[in-house]
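Reviewing the structure listed below.
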Amino acid sequence: MESLVIHLLFCLLSFSSAKTRHSLSDADQMNDHQSLEMIINKPPSYTTQYIEQYIDHFNYKYNTTYYERYLISEVYWEHGEVLFLYTGNEGPIEAFYDNSLFVFELASSFSALVVFAEHRYYGKSLPFGSEDTFKPENMGYLTAEQAIADFAVLTEKLKSDYKIKKVIAFGGSYGGMLSAWMRFKYPNVIDGALAASAPIYIVAGLSSPTDFFSKVTMDFENIDKKCPDIVRQAFSNIQDLSKQGESGLAQLTKSLKLCKPMTNDKVHHLIGWVRNSFTMLAMLDYPYPASFLAKLPANPVNVSCQILLDATDKLRGLADAAGLLYNGTNGILSCYDIDKEFIECADPTGCGLGLDSLSWDYQACTEMTLKCTTNNISDMFPPSEYNIDEYCLKKWGVTKRTEWMRTQYWGEAIGTASNIIFSNGDLDPWSTGGVLHDIGDNLIAILIKGGAHHLDLRGTTSDDPSSVTEAREKEKKIIEKWINN
């Protein structure tokens with residue numbers, strides 16, 4: 001309780017003296033507004049603010065509160081009536097602010113107020129402070145339902161304070177799901193949503209378990225059909241060497257450039273380390289260098305595949321191809337510490353690192369059904385099963401309620417919703433669980449050929465494929481219709 005009080009005092013101080021970042025003079029902001037009507041090369045200035053939220057919105061006998069962080073930018077706002085709200089993902093909100101420049105491109109056209117709201121239990125929006133939030137007994141308030149309620153309360157406050165009449169929600173990946181679900185749950189609060197790369201069918205357990213990693217494999221196969229076979233052979237070599245005792249394990253340590261000696265009980269973790277890398281490379285396969293989640297070159301799947309093709313030693317090639325994620329562009333790592341670079345968790349596609357990984361791990365143990373398996377036939381990875389019950393019970397003391405997500409967020413029966421754009425890139429593994437076809441006139445699906453994970457939310461560049469340019473133009477027209485309706 002003492003740490004909670006300290007945390008609240010800190011938030012109150014932060015709230016009363018909001019912190020400005022990327023600050024610009026009034027003249028600079030005016031020049032930026034004039035020159036960035038079409039293309040914005042960097043995120044505009046913002047202030048950091050906090051709003052007091054109930055920890056439990058749905059329990060009238062529990063009135064404890066916490067402070068949710070949000071970033072607000074008035075650079076393009078001209079005292080108009082439009083708010084663009086980004087529904088925050090599973091991480092610090094600044095990362096999404098800096099990598100969603102299309103929101104600001106639209107804001108410059110519609111003179112919109114822009115707010116990026118942080119998701120509870122991520123970043124600095126920690127209900128019980130940095131020390132106590134992640135204790136199992138305090139994690140029960142981490143649900144999408146509570147997060148969306150946070151967003152709804154914040155939106156209503158902003159509508160009142162700024163005399164807003166139209167609100168459009170934006171989000172990518174999990175944030176895209178939240179935008180769509182917010183429109184499902186609170187159509188009285190927001191008028192429309194752009195849900196980019198939002199795999200609502202995967203998390204509801206409605207897609208085939210093998211689709212996700214099959215798509216990762218297909219991305220490599222489309223570069224060169226030999227690449228998946230090289231990966232399969234390298235994994236086979238790993239398993240063979242692991243059975244040869246100390247000499248085989250020593251060979252794995254050397255060939256894979258591992259910082260610590262390989263042991264038999266780490267082989268499964270090693271496989272996860274490689275799989276996690278290839279998954280992220282497929283997700284982040286942007287046509288230009290980017291530093292979102294990792295510092296990567298343009299077309300990283302192509303680069304990784306070429307490393308595999310050029311390698312004379314299959315194991316060294318596998319390590320260097322996977323190391324592209326962990327070592328980054330022109331990295332300086334002399335060896336790979338697979339324990340620090342990858343954390344196994346309840347999400348087979350990865351939970352990331354740091355405290356945020358704990359929150360996502362909990363969500364993967366509870367409401368999110370991320371049943372993504374491998375079979376070494378339709379994909380290039382050793383066979384794996386989805387069996388997290390024992391792990392989740394031991395780690396968090398919880399048991400998954402598999403059917404609840406379908407009931408809570410409508411499963412496939414979403415046809416009565418309206419004013420949602422579901423965009424997906426055909427390179428993105430998460431597109432296998434996305435809405436890929438229009439449902440009626442009010443749920444619009446946009447498929448972006450050559451597009452990676454929520455590419456359309458990123459800023460416009462000269463390297464963009466024509467498909468994403470066309471997608472953004474269509475999205476803008478639809479949003480304009482929602483605003484003017």
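Every chain in the structure tokens has a letter given in the order shown (A, B, ...), and although residue numbers restart at 1 in each chain, ligands are simply numbered from 1 in the order shown.
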Segment 276-379 of chain A near segment 396-404 of chain A within 8 Å: what's each residue's closest atom pair and its distance in Å to one decimal, counting only C-alpha atoms, ordered by chain then ascending residue number, as CSV?
```
residue,atom,partner,partner_atom,distance
A:Tyr362,CA,A:Trp396,CA,7.0
A:Cys365,CA,A:Lys400,CA,5.9
A:Thr366,CA,A:Lys400,CA,4.6
A:Glu367,CA,A:Lys400,CA,6.7
A:Thr369,CA,A:Thr402,CA,6.6
```
### Message
Excluding segment 123-131 of chain A and its own-chain neighbours fewer than 2 positions away, which residues fall within 6 Å of it when counting only C-alpha atoms? Please give them as a VMD selection string.
### Response
chain A and resid 4 7 66 68 to 69 91 to 92 120 to 121 133
### Message
Just want the 10 Å neighbourhood of Gly411 of chain A, counted on only C-alpha atoms, with same-chain residues fewer than 4 positions away dropped. Output as a list of chain:residue names.
### Response
A:Ile200, A:Tyr201, A:Ile202, A:Val203, A:Ala204, A:Gly205, A:Leu206, A:Glu403, A:Trp404, A:Met405, A:Arg406, A:Thr407
Would you save the residues from that selection as a short mmCIF file (atom, residue, chain, number, x, y, z; two decimals), in the first residue's frame, using all heavy atoms?
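Below is the file that was written, result.cif:
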```cif
data_model
loop_
_atom_site.label_atom_id
_atom_site.label_comp_id
_atom_site.auth_asym_id
_atom_site.auth_seq_id
_atom_site.Cartn_x
_atom_site.Cartn_y
_atom_site.Cartn_z
N ILE A 200 -7.98 -10.67 -34.61
CA ILE A 200 -9.05 -10.95 -33.65
C ILE A 200 -9.49 -12.42 -33.69
O ILE A 200 -9.99 -12.93 -32.68
CB ILE A 200 -10.26 -10.03 -33.87
CG1 ILE A 200 -10.87 -10.22 -35.26
CG2 ILE A 200 -9.88 -8.58 -33.64
CD1 ILE A 200 -12.20 -9.49 -35.45
N TYR A 201 -9.29 -13.10 -34.80
CA TYR A 201 -9.70 -14.50 -34.87
C TYR A 201 -8.68 -15.43 -34.21
O TYR A 201 -9.05 -16.46 -33.64
CB TYR A 201 -9.91 -14.92 -36.33
CG TYR A 201 -11.04 -14.19 -37.04
CD1 TYR A 201 -10.98 -13.93 -38.39
CD2 TYR A 201 -12.17 -13.76 -36.33
CE1 TYR A 201 -12.02 -13.26 -39.04
CE2 TYR A 201 -13.21 -13.08 -36.98
CZ TYR A 201 -13.12 -12.83 -38.34
OH TYR A 201 -14.14 -12.17 -38.97
N ILE A 202 -7.40 -15.07 -34.29
CA ILE A 202 -6.38 -15.91 -33.64
C ILE A 202 -6.59 -15.91 -32.13
O ILE A 202 -6.64 -16.98 -31.50
CB ILE A 202 -4.95 -15.40 -33.96
CG1 ILE A 202 -4.56 -15.80 -35.38
CG2 ILE A 202 -3.94 -16.00 -32.96
CD1 ILE A 202 -3.14 -15.40 -35.76
N VAL A 203 -6.73 -14.73 -31.52
CA VAL A 203 -6.83 -14.67 -30.06
C VAL A 203 -8.13 -15.26 -29.54
O VAL A 203 -8.25 -15.59 -28.36
CB VAL A 203 -6.66 -13.23 -29.53
CG1 VAL A 203 -5.28 -12.70 -29.88
CG2 VAL A 203 -7.75 -12.30 -30.06
N ALA A 204 -9.11 -15.41 -30.43
CA ALA A 204 -10.36 -16.06 -30.04
C ALA A 204 -10.32 -17.57 -30.29
O ALA A 204 -11.31 -18.27 -30.07
CB ALA A 204 -11.53 -15.44 -30.80
N GLY A 205 -9.16 -18.06 -30.75
CA GLY A 205 -9.00 -19.50 -30.99
C GLY A 205 -9.78 -19.98 -32.20
O GLY A 205 -10.18 -21.15 -32.26
N LEU A 206 -9.94 -19.11 -33.19
CA LEU A 206 -10.79 -19.44 -34.34
C LEU A 206 -10.00 -19.72 -35.62
O LEU A 206 -10.58 -19.98 -36.66
CB LEU A 206 -11.79 -18.30 -34.61
CG LEU A 206 -12.83 -18.08 -33.50
CD1 LEU A 206 -13.60 -16.79 -33.74
CD2 LEU A 206 -13.79 -19.27 -33.43
N GLU A 403 -13.20 -20.19 -23.96
CA GLU A 403 -14.39 -19.76 -24.69
C GLU A 403 -14.76 -18.30 -24.43
O GLU A 403 -15.54 -17.72 -25.19
CB GLU A 403 -15.59 -20.66 -24.29
CG GLU A 403 -15.37 -22.14 -24.53
CD GLU A 403 -15.16 -22.46 -25.99
OE1 GLU A 403 -15.80 -21.79 -26.82
OE2 GLU A 403 -14.36 -23.37 -26.29
N TRP A 404 -14.24 -17.70 -23.37
CA TRP A 404 -14.72 -16.39 -22.97
C TRP A 404 -14.42 -15.31 -24.01
O TRP A 404 -15.23 -14.42 -24.24
CB TRP A 404 -14.15 -15.99 -21.61
CG TRP A 404 -14.60 -14.63 -21.16
CD1 TRP A 404 -13.81 -13.57 -20.85
CD2 TRP A 404 -15.95 -14.17 -20.99
NE1 TRP A 404 -14.57 -12.48 -20.49
CE2 TRP A 404 -15.90 -12.83 -20.57
CE3 TRP A 404 -17.20 -14.78 -21.16
CZ2 TRP A 404 -17.04 -12.07 -20.31
CZ3 TRP A 404 -18.34 -14.02 -20.89
CH2 TRP A 404 -18.25 -12.69 -20.48
N MET A 405 -13.25 -15.37 -24.64
CA MET A 405 -12.90 -14.36 -25.63
C MET A 405 -13.93 -14.31 -26.76
O MET A 405 -14.31 -13.24 -27.23
CB MET A 405 -11.51 -14.65 -26.20
CG MET A 405 -11.06 -13.67 -27.27
SD MET A 405 -10.87 -11.97 -26.72
CE MET A 405 -9.35 -12.06 -25.79
N ARG A 406 -14.40 -15.47 -27.18
CA ARG A 406 -15.39 -15.50 -28.27
C ARG A 406 -16.71 -14.88 -27.83
O ARG A 406 -17.40 -14.22 -28.61
CB ARG A 406 -15.64 -16.95 -28.71
CG ARG A 406 -14.41 -17.67 -29.18
CD ARG A 406 -14.72 -19.11 -29.56
NE ARG A 406 -13.50 -19.92 -29.64
CZ ARG A 406 -13.48 -21.20 -29.89
NH1 ARG A 406 -14.60 -21.85 -30.10
NH2 ARG A 406 -12.34 -21.86 -29.93
N THR A 407 -17.07 -15.09 -26.56
CA THR A 407 -18.30 -14.51 -26.04
C THR A 407 -18.14 -13.00 -25.82
O THR A 407 -18.99 -12.21 -26.22
CB THR A 407 -18.69 -15.18 -24.71
OG1 THR A 407 -18.82 -16.58 -24.93
CG2 THR A 407 -19.99 -14.61 -24.18
#
```
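Nearest to Val274 of chain A of all the residues A:Arg232, A:His79, A:Arg183, A:Arg458 is A:Arg232, counting only C-alpha atoms.
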Give the helix (DSSP H, G or I) residues of segment 373-452 of chain A, as assigned by DSSP on the backbone, as a short mmCIF file (atom, residue, chain, number, x, y, z; two decimals) with all heavy atoms, in the first residue's frame.
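The resulting file, result.cif, is shown below:
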```cif
data_model
loop_
_atom_site.label_atom_id
_atom_site.label_comp_id
_atom_site.auth_asym_id
_atom_site.auth_seq_id
_atom_site.Cartn_x
_atom_site.Cartn_y
_atom_site.Cartn_z
N ASP A 389 -1.20 -24.90 -19.81
CA ASP A 389 -2.00 -24.94 -18.58
C ASP A 389 -1.14 -25.07 -17.32
O ASP A 389 -1.32 -24.32 -16.35
CB ASP A 389 -3.00 -26.10 -18.64
CG ASP A 389 -4.07 -25.88 -19.69
OD1 ASP A 389 -4.15 -24.74 -20.21
OD2 ASP A 389 -4.82 -26.82 -20.00
N GLU A 390 -0.23 -26.01 -17.33
CA GLU A 390 0.61 -26.23 -16.15
C GLU A 390 1.49 -25.02 -15.89
O GLU A 390 1.65 -24.58 -14.74
CB GLU A 390 1.47 -27.48 -16.35
CG GLU A 390 2.31 -27.85 -15.14
CD GLU A 390 3.10 -29.13 -15.35
OE1 GLU A 390 2.81 -29.87 -16.31
OE2 GLU A 390 4.02 -29.39 -14.53
N TYR A 391 2.06 -24.47 -16.97
CA TYR A 391 2.94 -23.30 -16.83
C TYR A 391 2.17 -22.13 -16.22
O TYR A 391 2.65 -21.47 -15.29
CB TYR A 391 3.50 -22.91 -18.20
CG TYR A 391 4.13 -21.54 -18.23
CD1 TYR A 391 5.46 -21.35 -17.84
CD2 TYR A 391 3.41 -20.41 -18.65
CE1 TYR A 391 6.04 -20.09 -17.86
CE2 TYR A 391 3.98 -19.14 -18.66
CZ TYR A 391 5.30 -18.99 -18.28
OH TYR A 391 5.87 -17.74 -18.29
N CYS A 392 0.98 -21.83 -16.73
CA CYS A 392 0.21 -20.67 -16.28
C CYS A 392 -0.26 -20.83 -14.83
O CYS A 392 -0.29 -19.86 -14.06
CB CYS A 392 -0.98 -20.45 -17.19
SG CYS A 392 -0.53 -19.93 -18.87
N LEU A 393 -0.60 -22.04 -14.47
CA LEU A 393 -1.04 -22.29 -13.10
C LEU A 393 0.12 -22.09 -12.13
O LEU A 393 -0.04 -21.50 -11.06
CB LEU A 393 -1.60 -23.71 -12.98
CG LEU A 393 -2.35 -24.04 -11.68
CD1 LEU A 393 -3.55 -23.12 -11.50
CD2 LEU A 393 -2.79 -25.50 -11.68
N LYS A 394 1.30 -22.55 -12.54
CA LYS A 394 2.49 -22.39 -11.68
C LYS A 394 2.96 -20.95 -11.62
O LYS A 394 3.31 -20.43 -10.56
CB LYS A 394 3.61 -23.30 -12.20
CG LYS A 394 4.87 -23.24 -11.35
CD LYS A 394 5.93 -24.20 -11.90
CE LYS A 394 7.21 -24.13 -11.06
NZ LYS A 394 8.26 -25.05 -11.59
N LYS A 395 2.97 -20.27 -12.77
CA LYS A 395 3.53 -18.91 -12.84
C LYS A 395 2.58 -17.87 -12.26
O LYS A 395 2.99 -16.99 -11.50
CB LYS A 395 3.83 -18.56 -14.31
CG LYS A 395 4.42 -17.17 -14.53
CD LYS A 395 5.84 -17.07 -14.03
CE LYS A 395 6.44 -15.70 -14.33
NZ LYS A 395 6.78 -15.52 -15.75
N TRP A 396 1.30 -17.96 -12.61
CA TRP A 396 0.35 -16.91 -12.24
C TRP A 396 -0.81 -17.38 -11.39
O TRP A 396 -1.60 -16.57 -10.91
CB TRP A 396 -0.20 -16.24 -13.50
CG TRP A 396 0.85 -15.59 -14.35
CD1 TRP A 396 1.27 -15.99 -15.58
CD2 TRP A 396 1.62 -14.41 -14.03
NE1 TRP A 396 2.25 -15.14 -16.06
CE2 TRP A 396 2.47 -14.16 -15.12
CE3 TRP A 396 1.65 -13.55 -12.93
CZ2 TRP A 396 3.36 -13.08 -15.15
CZ3 TRP A 396 2.54 -12.47 -12.96
CH2 TRP A 396 3.37 -12.24 -14.04
N TRP A 404 -14.24 -17.70 -23.37
CA TRP A 404 -14.72 -16.39 -22.97
C TRP A 404 -14.42 -15.31 -24.01
O TRP A 404 -15.23 -14.42 -24.24
CB TRP A 404 -14.15 -15.99 -21.61
CG TRP A 404 -14.60 -14.63 -21.16
CD1 TRP A 404 -13.81 -13.57 -20.85
CD2 TRP A 404 -15.95 -14.17 -20.99
NE1 TRP A 404 -14.57 -12.48 -20.49
CE2 TRP A 404 -15.90 -12.83 -20.57
CE3 TRP A 404 -17.20 -14.78 -21.16
CZ2 TRP A 404 -17.04 -12.07 -20.31
CZ3 TRP A 404 -18.34 -14.02 -20.89
CH2 TRP A 404 -18.25 -12.69 -20.48
N MET A 405 -13.25 -15.37 -24.64
CA MET A 405 -12.90 -14.36 -25.63
C MET A 405 -13.93 -14.31 -26.76
O MET A 405 -14.31 -13.24 -27.23
CB MET A 405 -11.51 -14.65 -26.20
CG MET A 405 -11.06 -13.67 -27.27
SD MET A 405 -10.87 -11.97 -26.72
CE MET A 405 -9.35 -12.06 -25.79
N ARG A 406 -14.40 -15.47 -27.18
CA ARG A 406 -15.39 -15.50 -28.27
C ARG A 406 -16.71 -14.88 -27.83
O ARG A 406 -17.40 -14.22 -28.61
CB ARG A 406 -15.64 -16.95 -28.71
CG ARG A 406 -14.41 -17.67 -29.18
CD ARG A 406 -14.72 -19.11 -29.56
NE ARG A 406 -13.50 -19.92 -29.64
CZ ARG A 406 -13.48 -21.20 -29.89
NH1 ARG A 406 -14.60 -21.85 -30.10
NH2 ARG A 406 -12.34 -21.86 -29.93
N THR A 407 -17.07 -15.09 -26.56
CA THR A 407 -18.30 -14.51 -26.04
C THR A 407 -18.14 -13.00 -25.82
O THR A 407 -18.99 -12.21 -26.22
CB THR A 407 -18.69 -15.18 -24.71
OG1 THR A 407 -18.82 -16.58 -24.93
CG2 THR A 407 -19.99 -14.61 -24.18
N GLN A 408 -17.04 -12.63 -25.22
CA GLN A 408 -16.78 -11.24 -24.86
C GLN A 408 -16.64 -10.34 -26.07
O GLN A 408 -17.16 -9.22 -26.10
CB GLN A 408 -15.52 -11.17 -24.00
CG GLN A 408 -15.02 -9.78 -23.67
CD GLN A 408 -15.75 -9.15 -22.51
OE1 GLN A 408 -16.92 -9.37 -22.33
NE2 GLN A 408 -15.03 -8.37 -21.73
N PRO A 429 2.55 -12.45 -40.62
CA PRO A 429 1.99 -13.71 -40.12
C PRO A 429 0.67 -13.54 -39.39
O PRO A 429 -0.18 -14.44 -39.41
CB PRO A 429 3.08 -14.23 -39.17
CG PRO A 429 4.33 -13.54 -39.59
CD PRO A 429 3.91 -12.21 -40.13
N TRP A 430 0.46 -12.39 -38.76
CA TRP A 430 -0.78 -12.16 -38.01
C TRP A 430 -1.99 -12.00 -38.93
O TRP A 430 -3.13 -12.09 -38.48
CB TRP A 430 -0.64 -10.93 -37.11
CG TRP A 430 0.32 -11.15 -35.99
CD1 TRP A 430 1.56 -10.60 -35.84
CD2 TRP A 430 0.14 -12.00 -34.85
NE1 TRP A 430 2.16 -11.05 -34.69
CE2 TRP A 430 1.31 -11.90 -34.06
CE3 TRP A 430 -0.91 -12.82 -34.42
CZ2 TRP A 430 1.47 -12.60 -32.86
CZ3 TRP A 430 -0.75 -13.52 -33.23
CH2 TRP A 430 0.42 -13.42 -32.47
N SER A 431 -1.75 -11.78 -40.21
CA SER A 431 -2.88 -11.66 -41.14
C SER A 431 -3.67 -12.95 -41.24
O SER A 431 -4.84 -12.94 -41.65
CB SER A 431 -2.38 -11.25 -42.54
OG SER A 431 -1.61 -12.29 -43.13
N THR A 432 -3.06 -14.07 -40.82
CA THR A 432 -3.76 -15.35 -40.87
C THR A 432 -4.94 -15.39 -39.89
O THR A 432 -5.79 -16.27 -40.00
CB THR A 432 -2.80 -16.50 -40.55
OG1 THR A 432 -2.23 -16.31 -39.24
CG2 THR A 432 -1.67 -16.57 -41.57
N GLY A 433 -4.97 -14.46 -38.95
CA GLY A 433 -6.08 -14.40 -38.00
C GLY A 433 -6.84 -13.09 -38.08
O GLY A 433 -7.56 -12.74 -37.14
#
```
### Shell of 10 Å around segment 307-313 of chain A, only C-alpha atoms, local chain residues under 2 positions omitted, as a list in words
Asp224, Lys226, Cys227, Pro228, Ile230, Val231, Ala234, Ser255, Leu256, Val301, Asn302, Val303, Ser304, Cys305, Leu315, Arg316, Gly317, Leu318, Ala319, Asp320, Ala321, Ala322 and Leu324 of chain A
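Relative to atom CA of Lys159 of chain A, atom CA of Glu473 of chain A is found at 26.9 Å.
Atom CA of Ile483 of chain A is positioned 24.3 Å from atom CA of Ser45 of chain A.
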